[in-house]
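> Quick one: the structure is below, and I'll ask about it shortly.
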Amino acid sequence: MSDSSEQAVLQELDTSKSPKNIWNLKGKNTFKIGRGPGNDIILPYSWVSRKHTLVQQEKNGIFHIMDLGSSNGTYLNNKRIYSPAILNNGDAITLGKTKLKFVQFLEQREYVEEEDVTLDMTVAYIQKEMVTILVCDLRDFTSLSESMGNQIVSKLLQFWTKKVGAIINEHDGLVDKFIGDAVMATWIGGDIDKGIRHAIEAAMEISVYTRKMGENIPEMPKELAIGAAINTGEAMMGNMGVDSHRDSTVIGDVVNVAFRLEANTIRNELDILLGEGTAQHLKDLQGYFTRRSFDLKGKKEKINAYGCNFKKLHEYLTSGVK
């Protein structure tokens, strides 16, 4: 295939919506955007975080955008994104007061919606596997940054990500990526039931660590907590070249549902949600988990999931249920 990265650019627009700066998205797979000097695209404005957002390209020419835990958020076509999203030609990206436009020539890439990405289109992915996905997200991270200051929160996040990575590894999982104040971990193939158990135990341990970490910080204005979601199903796996430390990832509906379920935990006053693909591998959920139905983006029908708080999850894990 031709080098479609030469056909994609990011434009910074002025008040008349005309390009005042243009960056070619070529020569690498990832482009970090932010105020700090270590970024590929530097936007020197107070409303842009030092590390604000990330644009990454797959081998098939498809670009994704993800927020890096910025204070003001990343908006795609006027909607704030909380998980990786596909970029299409003409998409509007807003970072604070800065307006950007993604341009990619259509002869190199057909217009696609996130839910329409198929196995044929994701040619970078070389195999299918059953996978369990864990997504954990620090609650109220933006308000913490505002009340405590970026320096303290940045250090907090540094310690948190290091410990969370260790917890996941101890439970035989793999950290797929850290996205700002969130982590995505995977348990791939093998004994599915065992992988699910490891994912649940990891979520519980991450919650305990996060709460204790907050208690040990005098400046912490409120309890430090996480939301979590676990989902199990088939996913595509292959090389992405996200950074120098990792060149593989997983993608598919199972991943998208996990991120969207996690976003629904705080809205429904829950700590954790288990997707139906995960729940069907577990016994005796009744009495610990409540079944809920959710309308998720890209889904024509409601998605069933099972939720509880971490106290109930601890009771479930110590009840002897296998």
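By convention here, the chains of the structure tokens are called A, B, ... in the order presented, each chain's residues are numbered starting at 1, and ligands are numbered starting at 1 in the order presented.
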Using the chain letters and numbers from this document, which residues of region 152-224 of chain A does DSSP assign to strand (DSSP E or B), as number ranges by chain?
A: 174-179, 182-188
> Each residue of region 177-237 of chain A with at least one atom at most 9 Å from region 256-262 of chain A should appear once, together with its nearest atom pair and the corresponding distance in Å (one decimal); atoms considered: only C-alpha atoms; ordering: chain, then increasing residue number; output as CSV.

```
residue,atom,partner,partner_atom,distance
A:Met184,CA,A:Phe259,CA,8.7
A:Gly227,CA,A:Glu262,CA,6.2
A:Ala228,CA,A:Glu262,CA,5.3
A:Ala229,CA,A:Glu262,CA,4.8
A:Ile230,CA,A:Ala258,CA,6.0
A:Asn231,CA,A:Ala258,CA,5.4
A:Thr232,CA,A:Ala258,CA,8.6
```
> Restricting the calculation to only C-alpha atoms, which member of A:Ile133, A:Ile192, A:Leu87, A:Ala92 is positioned closest to Leu274 (chain A)?
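Residue with the minimum atom-to-atom distance to Leu274 (chain A): A:Ile133.
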> Ser70 (chain A): which residues within 10 Å, counting only C-alpha atoms, same-chain residues fewer than 5 positions away excluded, as a list in words?
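Residues meeting the cut-off are Gly34, Trp47, Val48, Ser49, Arg50, Lys51, His52, Thr53, Leu95, Gly96, Phe141, Thr142, Ser145, Gly180 and Asp181 of chain A.
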> Env of Asn169 (chain A): 12 Å cut, atoms = only C-alpha atoms, seq-sep filter 6 positions within chain, self excluded. Answer as a ChimeraX atom specification.
/A:162-163,175-176,185-187,198-199,201-202,206
> Residues within 6 Å of Lys32 (chain A), please, as a list in words. Count only C-alpha atoms; anything in the same chain fewer than 2 positions from it doesn't count.
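Residues meeting the cut-off are Asn39, Asp40 and Leu54 of chain A.
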